[in-house]
Amino acid sequence: MQIRRRPPSPTFSISHLQYQVSVPGSEPRNILEKIVWHKETEVQAQREKVSLSDLKRRIEAVAPAQDFLAALRKGKTQPAVIAEVKKASPSKGVIRENFDPVAIAQSYQQGGASCLSVLTDQKFFQGSFENLAKVRAAVDLPLLCKEFIIYPYQIYQARVHGADAVLLIAAILSDQDLKYFSKIVRALGMTALIEVHSLEELDRVLALDSVTLIGVNNRNLEDFTVDLKTTETLYNTRREPLQNRDILLVSESGLHTPDDLQFVASVGAQAVLIGESLVKQDNPGQAIAALFSDQHQLQ
C-alpha cells in the first residue's frame with residue numbers, strides 16, 4: 001500500500017485570497033491517507049504552540065523510558081498482551097461511551113497486560129497526549145504511543161508525555177524516514193514498534209539495521225477486512241531472518257478469542273496488540289484473563 005503524504009491540489013490567489021483547485025487524485029484514497037493528510041496540518045498547528053526545542057528541554061525532566069521490548073519478552077502471558085486504551089476508531093465509531101483512560105489502564109495492569117498502548121490521535125480515534133500522560137502517572141507498565149507519526153516532532157511529543165515506545169507505520173514512511181526515526185527513538189531510550197501490512201513492507205523493514213520489534217497488522221486499511229492469516233503468511237515467508245535476528249513479532253487487529261491468540265502464537269507471534277475486543281468489555285482486565293481461559297470467549 002502506497003500512502004501519499006500531501007494532497008496534490010494546487011492553489012491560486014485572487015485579490016489576496018487563496019483558492020484550492022480540485023484535481024484528479026486530490027481526494028484521499030483510503031482512511032489511512034485521510035488521516036495522514038490531516039496529520040500534516042495538525043502537527044504544524046502543534047509546532048506553533050510548542051516548539052521542538054521546547055519539547056527537547058522538557059524531556060530532560062522526564063524519567064528514563066522503560067524497556068518495552070524486555071517486558072514483552074518476559075511476558076505475563078503467552079503470547080504477551082499489549083492492551084490498548086482506545087475510545088473510538090474510524091471504522092467502528094465510539095467503542096466505549098463511558099471512557100476513562102486511567103481506569104481502563106489500571107484494569108489492564110491488574111488483568112495481566114505486559115504493556116499498554118494509548119491512542120493519541122484526536123480527530124479519528126478521540127485520543128490525546130493528555131490521556132497518555134494520565135495513564136503514565138497511573139500505571140507502571142511500559143507504554144506505547146499509538147500515533148500516526150510522520151515527523152520527528154511527534155516522537156519527542158510521545159517521550160515528553162511518558163511513552164516508552166512509539167509506533168512507526170511502514171506504509172506512511174519512506175525508507176529514509178524509517179531509518180532516521182528509528183535512530184531518534186533509540187537515542188531517546190525508547191523502542192520502535194514498526195508496523196507492516198504486506199510482504200513488501202516487511203522486506204523494507206528487514207533491510208533496516210537494529211530492528212527489534214515488528215507488528216503485523218491483520219487489517220487491510222483500504223477496505224478494513226481482517227485476516228489473521230496475514231501474520232502467518234508474513235512470518236512463514238520471512239521466518240529465517242526474523243528468527244536469526246531475534247526480532248519479536250506482534251500480531252495486531254482481529255483478535256477476539258482464545259483460539260485467535262493460539263493461532264497467531266502458533267504461527268510466530270510472541271505478542272499481540274488488542275484494543276476493541278477488550279475496551280468494550282465492562283471489566284477490560286477480566287477480559288484479558290478470559291482470553292487465556294479455554295472456557296471463556298469475548299463476545
# chains A, B, ... in the order shown; residues from 1 in each chain; ligands from 1
$ select_by_dssp --residues "stretch 22-204 of chain A" --states "helix (DSSP H, G or I)" --output "ChimeraX atom specification"
/A:31-49,52-59,68-74,101-111,129-138,152-160,170-172,175-187,199-204
$ select_by_dssp --residues "stretch 3-161 of chain A" --states "strand (DSSP E or B)" --output "ChimeraX atom specification"
/A:11-14,17-20,80-85,88-89,93-94,115-119,143-146
$ write_last_selection --atoms "N, CA, C and O atoms" --output "mmCIF file, in the first residue's frame"
data_model
loop_
_atom_site.group_PDB
_atom_site.id
_atom_site.type_symbol
_atom_site.label_atom_id
_atom_site.label_comp_id
_atom_site.auth_asym_id
_atom_site.auth_seq_id
_atom_site.Cartn_x
_atom_site.Cartn_y
_atom_site.Cartn_z
ATOM 1 N N THR A 11 -2.955 25.584 -5.490
ATOM 2 C CA THR A 11 -3.717 26.756 -5.057
ATOM 3 C C THR A 11 -3.384 27.934 -5.965
ATOM 4 O O THR A 11 -2.343 27.968 -6.614
ATOM 5 N N PHE A 12 -4.319 28.892 -6.030
ATOM 6 C CA PHE A 12 -4.049 30.126 -6.752
ATOM 7 C C PHE A 12 -4.682 31.274 -5.982
ATOM 8 O O PHE A 12 -5.550 31.071 -5.119
ATOM 9 N N SER A 13 -4.212 32.479 -6.234
ATOM 10 C CA SER A 13 -4.665 33.645 -5.483
ATOM 11 C C SER A 13 -5.432 34.595 -6.378
ATOM 12 O O SER A 13 -5.053 34.844 -7.529
ATOM 13 N N ILE A 14 -6.532 35.151 -5.836
ATOM 14 C CA ILE A 14 -7.284 36.224 -6.465
ATOM 15 C C ILE A 14 -7.570 37.263 -5.394
ATOM 16 O O ILE A 14 -8.196 36.957 -4.374
ATOM 17 N N LEU A 17 -6.745 36.334 -1.868
ATOM 18 C CA LEU A 17 -7.442 35.189 -1.284
ATOM 19 C C LEU A 17 -6.930 33.910 -1.925
ATOM 20 O O LEU A 17 -6.695 33.858 -3.135
ATOM 21 N N GLN A 18 -6.755 32.874 -1.118
ATOM 22 C CA GLN A 18 -6.232 31.600 -1.602
ATOM 23 C C GLN A 18 -7.382 30.666 -1.969
ATOM 24 O O GLN A 18 -8.341 30.507 -1.207
ATOM 25 N N TYR A 19 -7.299 30.061 -3.147
ATOM 26 C CA TYR A 19 -8.286 29.087 -3.590
ATOM 27 C C TYR A 19 -7.570 27.786 -3.942
ATOM 28 O O TYR A 19 -6.476 27.806 -4.494
ATOM 29 N N GLN A 20 -8.214 26.680 -3.596
ATOM 30 C CA GLN A 20 -7.629 25.376 -3.905
ATOM 31 C C GLN A 20 -8.393 24.746 -5.068
ATOM 32 O O GLN A 20 -9.628 24.750 -5.098
ATOM 33 N N ALA A 80 2.445 -12.461 24.900
ATOM 34 C CA ALA A 80 2.334 -11.266 25.723
ATOM 35 C C ALA A 80 1.274 -10.335 25.137
ATOM 36 O O ALA A 80 1.096 -10.270 23.918
ATOM 37 N N VAL A 81 0.573 -9.617 26.013
ATOM 38 C CA VAL A 81 -0.517 -8.742 25.570
ATOM 39 C C VAL A 81 -0.126 -7.271 25.700
ATOM 40 O O VAL A 81 0.293 -6.825 26.770
ATOM 41 N N ILE A 82 -0.265 -6.549 24.591
ATOM 42 C CA ILE A 82 -0.237 -5.086 24.604
ATOM 43 C C ILE A 82 -1.703 -4.665 24.546
ATOM 44 O O ILE A 82 -2.359 -4.813 23.514
ATOM 45 N N ALA A 83 -2.239 -4.193 25.659
ATOM 46 C CA ALA A 83 -3.655 -3.835 25.735
ATOM 47 C C ALA A 83 -3.821 -2.353 25.404
ATOM 48 O O ALA A 83 -3.083 -1.517 25.929
ATOM 49 N N GLU A 84 -4.806 -2.057 24.570
ATOM 50 C CA GLU A 84 -4.930 -0.706 24.034
ATOM 51 C C GLU A 84 -6.032 0.110 24.703
ATOM 52 O O GLU A 84 -7.162 -0.346 24.836
ATOM 53 N N VAL A 85 -5.645 1.324 25.082
ATOM 54 C CA VAL A 85 -6.592 2.294 25.643
ATOM 55 C C VAL A 85 -7.133 3.095 24.468
ATOM 56 O O VAL A 85 -6.452 3.958 23.918
ATOM 57 N N ALA A 88 -12.362 5.203 20.341
ATOM 58 C CA ALA A 88 -13.095 5.129 19.078
ATOM 59 C C ALA A 88 -12.164 4.729 17.949
ATOM 60 O O ALA A 88 -10.942 4.691 18.108
ATOM 61 N N SER A 89 -12.766 4.437 16.793
ATOM 62 C CA SER A 89 -11.994 4.161 15.586
ATOM 63 C C SER A 89 -12.787 4.650 14.382
ATOM 64 O O SER A 89 -14.015 4.805 14.458
ATOM 65 N N GLY A 93 -16.553 3.781 14.976
ATOM 66 C CA GLY A 93 -17.068 4.908 15.748
ATOM 67 C C GLY A 93 -16.673 4.770 17.207
ATOM 68 O O GLY A 93 -15.650 4.157 17.532
ATOM 69 N N VAL A 94 -17.497 5.302 18.119
ATOM 70 C CA VAL A 94 -17.202 5.221 19.551
ATOM 71 C C VAL A 94 -17.365 3.780 20.023
ATOM 72 O O VAL A 94 -18.417 3.163 19.842
ATOM 73 N N CYS A 115 2.208 -4.801 28.484
ATOM 74 C CA CYS A 115 2.420 -3.408 28.102
ATOM 75 C C CYS A 115 1.065 -2.806 27.723
ATOM 76 O O CYS A 115 0.087 -3.537 27.510
ATOM 77 N N LEU A 116 1.035 -1.482 27.612
ATOM 78 C CA LEU A 116 -0.180 -0.797 27.193
ATOM 79 C C LEU A 116 0.095 0.045 25.953
ATOM 80 O O LEU A 116 1.212 0.498 25.732
ATOM 81 N N SER A 117 -0.947 0.242 25.165
ATOM 82 C CA SER A 117 -0.905 1.142 24.018
ATOM 83 C C SER A 117 -1.965 2.211 24.242
ATOM 84 O O SER A 117 -3.100 1.895 24.617
ATOM 85 N N VAL A 118 -1.594 3.468 24.026
ATOM 86 C CA VAL A 118 -2.532 4.573 24.230
ATOM 87 C C VAL A 118 -2.687 5.353 22.933
ATOM 88 O O VAL A 118 -1.707 5.876 22.395
ATOM 89 N N LEU A 119 -3.926 5.426 22.424
ATOM 90 C CA LEU A 119 -4.202 6.201 21.216
ATOM 91 C C LEU A 119 -4.094 7.687 21.532
ATOM 92 O O LEU A 119 -4.695 8.178 22.482
ATOM 93 N N LEU A 143 4.641 1.887 28.114
ATOM 94 C CA LEU A 143 3.571 2.442 27.295
ATOM 95 C C LEU A 143 4.027 2.670 25.856
ATOM 96 O O LEU A 143 5.111 3.201 25.610
ATOM 97 N N LEU A 144 3.141 2.300 24.922
ATOM 98 C CA LEU A 144 3.317 2.589 23.507
ATOM 99 C C LEU A 144 2.444 3.776 23.142
ATOM 100 O O LEU A 144 1.250 3.780 23.443
ATOM 101 N N CYS A 145 3.029 4.777 22.516
ATOM 102 C CA CYS A 145 2.245 5.888 21.972
ATOM 103 C C CYS A 145 1.738 5.460 20.600
ATOM 104 O O CYS A 145 2.517 5.296 19.673
ATOM 105 N N LYS A 146 0.414 5.283 20.485
ATOM 106 C CA LYS A 146 -0.199 4.860 19.214
ATOM 107 C C LYS A 146 -0.599 6.126 18.452
ATOM 108 O O LYS A 146 -1.628 6.735 18.707
#
$ closest_atom_pairs --of "stretch 196-216 of chain A" --to "stretch 246-254 of chain A" --cutoff "12 Å" --atoms "only C-alpha atoms" --output "CSV"
residue,atom,partner,partner_atom,distance
A:Val196,CA,A:Glu252,CA,9.9
A:His197,CA,A:Glu252,CA,9.9
A:Leu202,CA,A:Leu249,CA,11.2
A:Val205,CA,A:Ile247,CA,11.2
A:Leu206,CA,A:Ile247,CA,9.6
A:Asp209,CA,A:Ile247,CA,11.5
A:Ser210,CA,A:Ile247,CA,9.5
A:Val211,CA,A:Ile247,CA,6.9
A:Thr212,CA,A:Ile247,CA,4.7
A:Leu213,CA,A:Leu248,CA,5.0
A:Ile214,CA,A:Leu249,CA,5.1
A:Gly215,CA,A:Val250,CA,4.4
A:Val216,CA,A:Ser251,CA,5.1
$ residues_around --residues "A:His38" --least-positions-apart "6" --cutoff "12 Å" --atoms "only C-alpha atoms" --output "NGL selection string"
:A and (4-7 or 27-28 or 31-32 or 44-45 or 121-124 or 148-150)
$ write_last_selection --atoms "N, CA, C and O atoms" --output "short mmCIF file (atom, residue, chain, number, x, y, z; two decimals), in the first residue's frame"
data_model
loop_
_atom_site.label_atom_id
_atom_site.label_comp_id
_atom_site.auth_asym_id
_atom_site.auth_seq_id
_atom_site.Cartn_x
_atom_site.Cartn_y
_atom_site.Cartn_z
N ARG A 4 0.17 8.51 -0.02
CA ARG A 4 0.71 9.81 -0.41
C ARG A 4 0.70 10.72 0.81
O ARG A 4 -0.22 10.70 1.62
N ARG A 5 1.74 11.54 0.92
CA ARG A 5 1.88 12.38 2.11
C ARG A 5 1.10 13.68 2.04
O ARG A 5 0.64 14.19 3.04
N ARG A 6 0.96 14.27 0.85
CA ARG A 6 0.27 15.56 0.75
C ARG A 6 -0.73 15.52 -0.40
O ARG A 6 -0.44 14.98 -1.46
N PRO A 7 -1.90 16.12 -0.22
CA PRO A 7 -2.87 16.13 -1.32
C PRO A 7 -2.37 16.95 -2.49
O PRO A 7 -1.89 18.07 -2.32
N GLU A 27 -8.39 13.81 -3.65
CA GLU A 27 -9.11 13.27 -2.51
C GLU A 27 -8.36 12.04 -1.98
O GLU A 27 -7.80 11.27 -2.76
N PRO A 28 -8.36 11.85 -0.66
CA PRO A 28 -7.68 10.68 -0.11
C PRO A 28 -8.30 9.39 -0.62
O PRO A 28 -9.53 9.28 -0.75
N ILE A 31 -8.69 5.48 4.26
CA ILE A 31 -8.73 6.15 5.57
C ILE A 31 -7.33 6.50 6.07
O ILE A 31 -7.13 7.54 6.69
N LEU A 32 -6.36 5.64 5.80
CA LEU A 32 -5.00 5.92 6.28
C LEU A 32 -4.45 7.17 5.60
O LEU A 32 -3.81 8.01 6.25
N GLN A 44 1.62 20.83 12.27
CA GLN A 44 2.05 22.21 12.05
C GLN A 44 1.43 23.14 13.09
O GLN A 44 2.10 24.02 13.64
N ALA A 45 0.16 22.94 13.40
CA ALA A 45 -0.51 23.76 14.41
C ALA A 45 0.09 23.53 15.79
O ALA A 45 0.26 24.47 16.58
N ASP A 121 -4.23 10.03 18.72
CA ASP A 121 -4.86 10.77 17.63
C ASP A 121 -6.24 11.25 18.08
O ASP A 121 -7.05 10.46 18.56
N GLN A 122 -6.51 12.53 17.91
CA GLN A 122 -7.75 13.12 18.40
C GLN A 122 -8.89 13.03 17.40
O GLN A 122 -10.00 12.59 17.73
N LYS A 123 -8.66 13.44 16.17
CA LYS A 123 -9.74 13.56 15.19
C LYS A 123 -10.40 12.22 14.85
O LYS A 123 -11.62 12.12 14.78
N PHE A 124 -9.62 11.19 14.65
CA PHE A 124 -10.15 9.93 14.16
C PHE A 124 -10.35 8.87 15.24
O PHE A 124 -11.16 7.95 15.07
N PHE A 148 0.04 8.39 14.48
CA PHE A 148 0.43 8.32 13.08
C PHE A 148 1.61 9.27 12.88
O PHE A 148 1.44 10.44 12.54
N ILE A 149 2.79 8.76 13.15
CA ILE A 149 3.99 9.59 13.20
C ILE A 149 4.54 9.82 11.79
O ILE A 149 4.88 8.87 11.08
N ILE A 150 4.60 11.09 11.42
CA ILE A 150 5.17 11.46 10.12
C ILE A 150 6.29 12.50 10.27
O ILE A 150 6.92 12.85 9.28
#
$ closest_residue --among "A:Leu173, A:Val135, A:Val36, A:Tyr180" --to "A:Ala103" --atoms "only C-alpha atoms"
A:Val135
$ decode --residues "stretch 126-171 of chain A" --atoms "N, CA and C atoms" --output "short mmCIF file (atom, residue, chain, number, x, y, z; two decimals), in the first residue's frame"
data_model
loop_
_atom_site.label_atom_id
_atom_site.label_comp_id
_atom_site.auth_asym_id
_atom_site.auth_seq_id
_atom_site.Cartn_x
_atom_site.Cartn_y
_atom_site.Cartn_z
N GLN A 126 -10.35 9.90 18.82
CA GLN A 126 -10.75 10.59 20.04
C GLN A 126 -9.77 10.34 21.19
N GLY A 127 -8.48 10.28 20.85
CA GLY A 127 -7.44 10.14 21.85
C GLY A 127 -6.75 11.47 22.09
N SER A 128 -5.68 11.45 22.89
CA SER A 128 -4.93 12.68 23.16
C SER A 128 -3.62 12.35 23.86
N PHE A 129 -2.67 13.28 23.76
CA PHE A 129 -1.43 13.14 24.52
C PHE A 129 -1.69 13.33 26.01
N GLU A 130 -2.75 14.05 26.34
CA GLU A 130 -3.13 14.20 27.74
C GLU A 130 -3.52 12.85 28.33
N ASN A 131 -4.24 12.04 27.56
CA ASN A 131 -4.57 10.69 28.03
C ASN A 131 -3.31 9.87 28.28
N LEU A 132 -2.34 10.01 27.39
CA LEU A 132 -1.07 9.30 27.55
C LEU A 132 -0.40 9.69 28.86
N ALA A 133 -0.35 10.98 29.13
CA ALA A 133 0.28 11.47 30.37
C ALA A 133 -0.47 10.97 31.61
N LYS A 134 -1.80 10.97 31.53
CA LYS A 134 -2.60 10.49 32.68
C LYS A 134 -2.35 9.01 32.95
N VAL A 135 -2.29 8.23 31.88
CA VAL A 135 -2.03 6.80 32.04
C VAL A 135 -0.63 6.57 32.59
N ARG A 136 0.35 7.35 32.09
CA ARG A 136 1.72 7.21 32.57
C ARG A 136 1.79 7.43 34.09
N ALA A 137 1.02 8.39 34.58
CA ALA A 137 1.04 8.71 36.01
C ALA A 137 0.33 7.65 36.85
N ALA A 138 -0.48 6.82 36.21
CA ALA A 138 -1.34 5.90 36.97
C ALA A 138 -0.87 4.45 36.98
N VAL A 139 -0.05 4.05 36.01
CA VAL A 139 0.37 2.65 35.93
C VAL A 139 1.89 2.54 35.78
N ASP A 140 2.39 1.33 36.05
CA ASP A 140 3.84 1.10 35.99
C ASP A 140 4.28 0.39 34.71
N LEU A 141 3.34 -0.05 33.89
CA LEU A 141 3.69 -0.81 32.70
C LEU A 141 4.31 0.08 31.62
N PRO A 142 5.15 -0.49 30.76
CA PRO A 142 5.67 0.27 29.62
C PRO A 142 4.53 0.68 28.70
N LEU A 143 4.64 1.89 28.11
CA LEU A 143 3.57 2.44 27.29
C LEU A 143 4.03 2.67 25.86
N LEU A 144 3.14 2.30 24.92
CA LEU A 144 3.32 2.59 23.51
C LEU A 144 2.44 3.78 23.14
N CYS A 145 3.03 4.78 22.52
CA CYS A 145 2.24 5.89 21.97
C CYS A 145 1.74 5.46 20.60
N LYS A 146 0.41 5.28 20.49
CA LYS A 146 -0.20 4.86 19.21
C LYS A 146 -0.60 6.13 18.45
N GLU A 147 0.27 6.52 17.55
CA GLU A 147 0.09 7.77 16.81
C GLU A 147 0.52 7.54 15.37
N PHE A 148 0.04 8.39 14.48
CA PHE A 148 0.43 8.32 13.08
C PHE A 148 1.61 9.27 12.88
N ILE A 149 2.79 8.76 13.15
CA ILE A 149 3.99 9.59 13.20
C ILE A 149 4.54 9.82 11.79
N ILE A 150 4.60 11.09 11.42
CA ILE A 150 5.17 11.46 10.12
C ILE A 150 6.29 12.50 10.27
N TYR A 151 6.51 12.97 11.50
CA TYR A 151 7.58 13.93 11.77
C TYR A 151 8.29 13.56 13.07
N PRO A 152 9.59 13.85 13.18
CA PRO A 152 10.31 13.61 14.44
C PRO A 152 9.65 14.33 15.62
N TYR A 153 9.04 15.47 15.37
CA TYR A 153 8.36 16.24 16.42
C TYR A 153 7.44 15.35 17.26
N GLN A 154 6.71 14.45 16.59
CA GLN A 154 5.76 13.61 17.31
C GLN A 154 6.44 12.59 18.21
N ILE A 155 7.65 12.17 17.85
CA ILE A 155 8.39 11.25 18.70
C ILE A 155 8.76 11.94 20.02
N TYR A 156 9.20 13.18 19.91
CA TYR A 156 9.52 13.95 21.11
C TYR A 156 8.27 14.23 21.94
N GLN A 157 7.15 14.48 21.28
CA GLN A 157 5.87 14.64 21.99
C GLN A 157 5.56 13.40 22.81
N ALA A 158 5.74 12.25 22.20
CA ALA A 158 5.45 10.99 22.88
C ALA A 158 6.32 10.80 24.11
N ARG A 159 7.61 11.09 23.99
CA ARG A 159 8.53 10.91 25.12
C ARG A 159 8.20 11.90 26.25
N VAL A 160 7.89 13.14 25.89
CA VAL A 160 7.53 14.15 26.90
C VAL A 160 6.32 13.71 27.71
N HIS A 161 5.39 13.04 27.06
CA HIS A 161 4.16 12.63 27.74
C HIS A 161 4.24 11.23 28.34
N GLY A 162 5.45 10.66 28.37
CA GLY A 162 5.65 9.43 29.12
C GLY A 162 5.72 8.14 28.34
N ALA A 163 5.75 8.20 27.02
CA ALA A 163 5.81 6.97 26.22
C ALA A 163 7.18 6.32 26.31
N ASP A 164 7.16 5.00 26.32
CA ASP A 164 8.39 4.21 26.30
C ASP A 164 8.66 3.64 24.92
N ALA A 165 7.63 3.65 24.08
CA ALA A 165 7.73 3.12 22.72
C ALA A 165 6.81 3.93 21.82
N VAL A 166 7.11 3.92 20.53
CA VAL A 166 6.26 4.59 19.55
C VAL A 166 6.00 3.66 18.38
N LEU A 167 4.87 3.90 17.72
CA LEU A 167 4.52 3.14 16.52
C LEU A 167 5.04 3.87 15.30
N LEU A 168 5.75 3.14 14.43
CA LEU A 168 6.18 3.67 13.15
C LEU A 168 5.51 2.79 12.08
N ILE A 169 4.70 3.41 11.22
CA ILE A 169 3.93 2.66 10.23
C ILE A 169 4.65 2.71 8.89
N ALA A 170 5.10 1.54 8.43
CA ALA A 170 5.90 1.49 7.19
C ALA A 170 5.13 2.05 6.00
N ALA A 171 3.82 1.90 5.98
CA ALA A 171 3.02 2.34 4.84
C ALA A 171 3.04 3.85 4.64
#
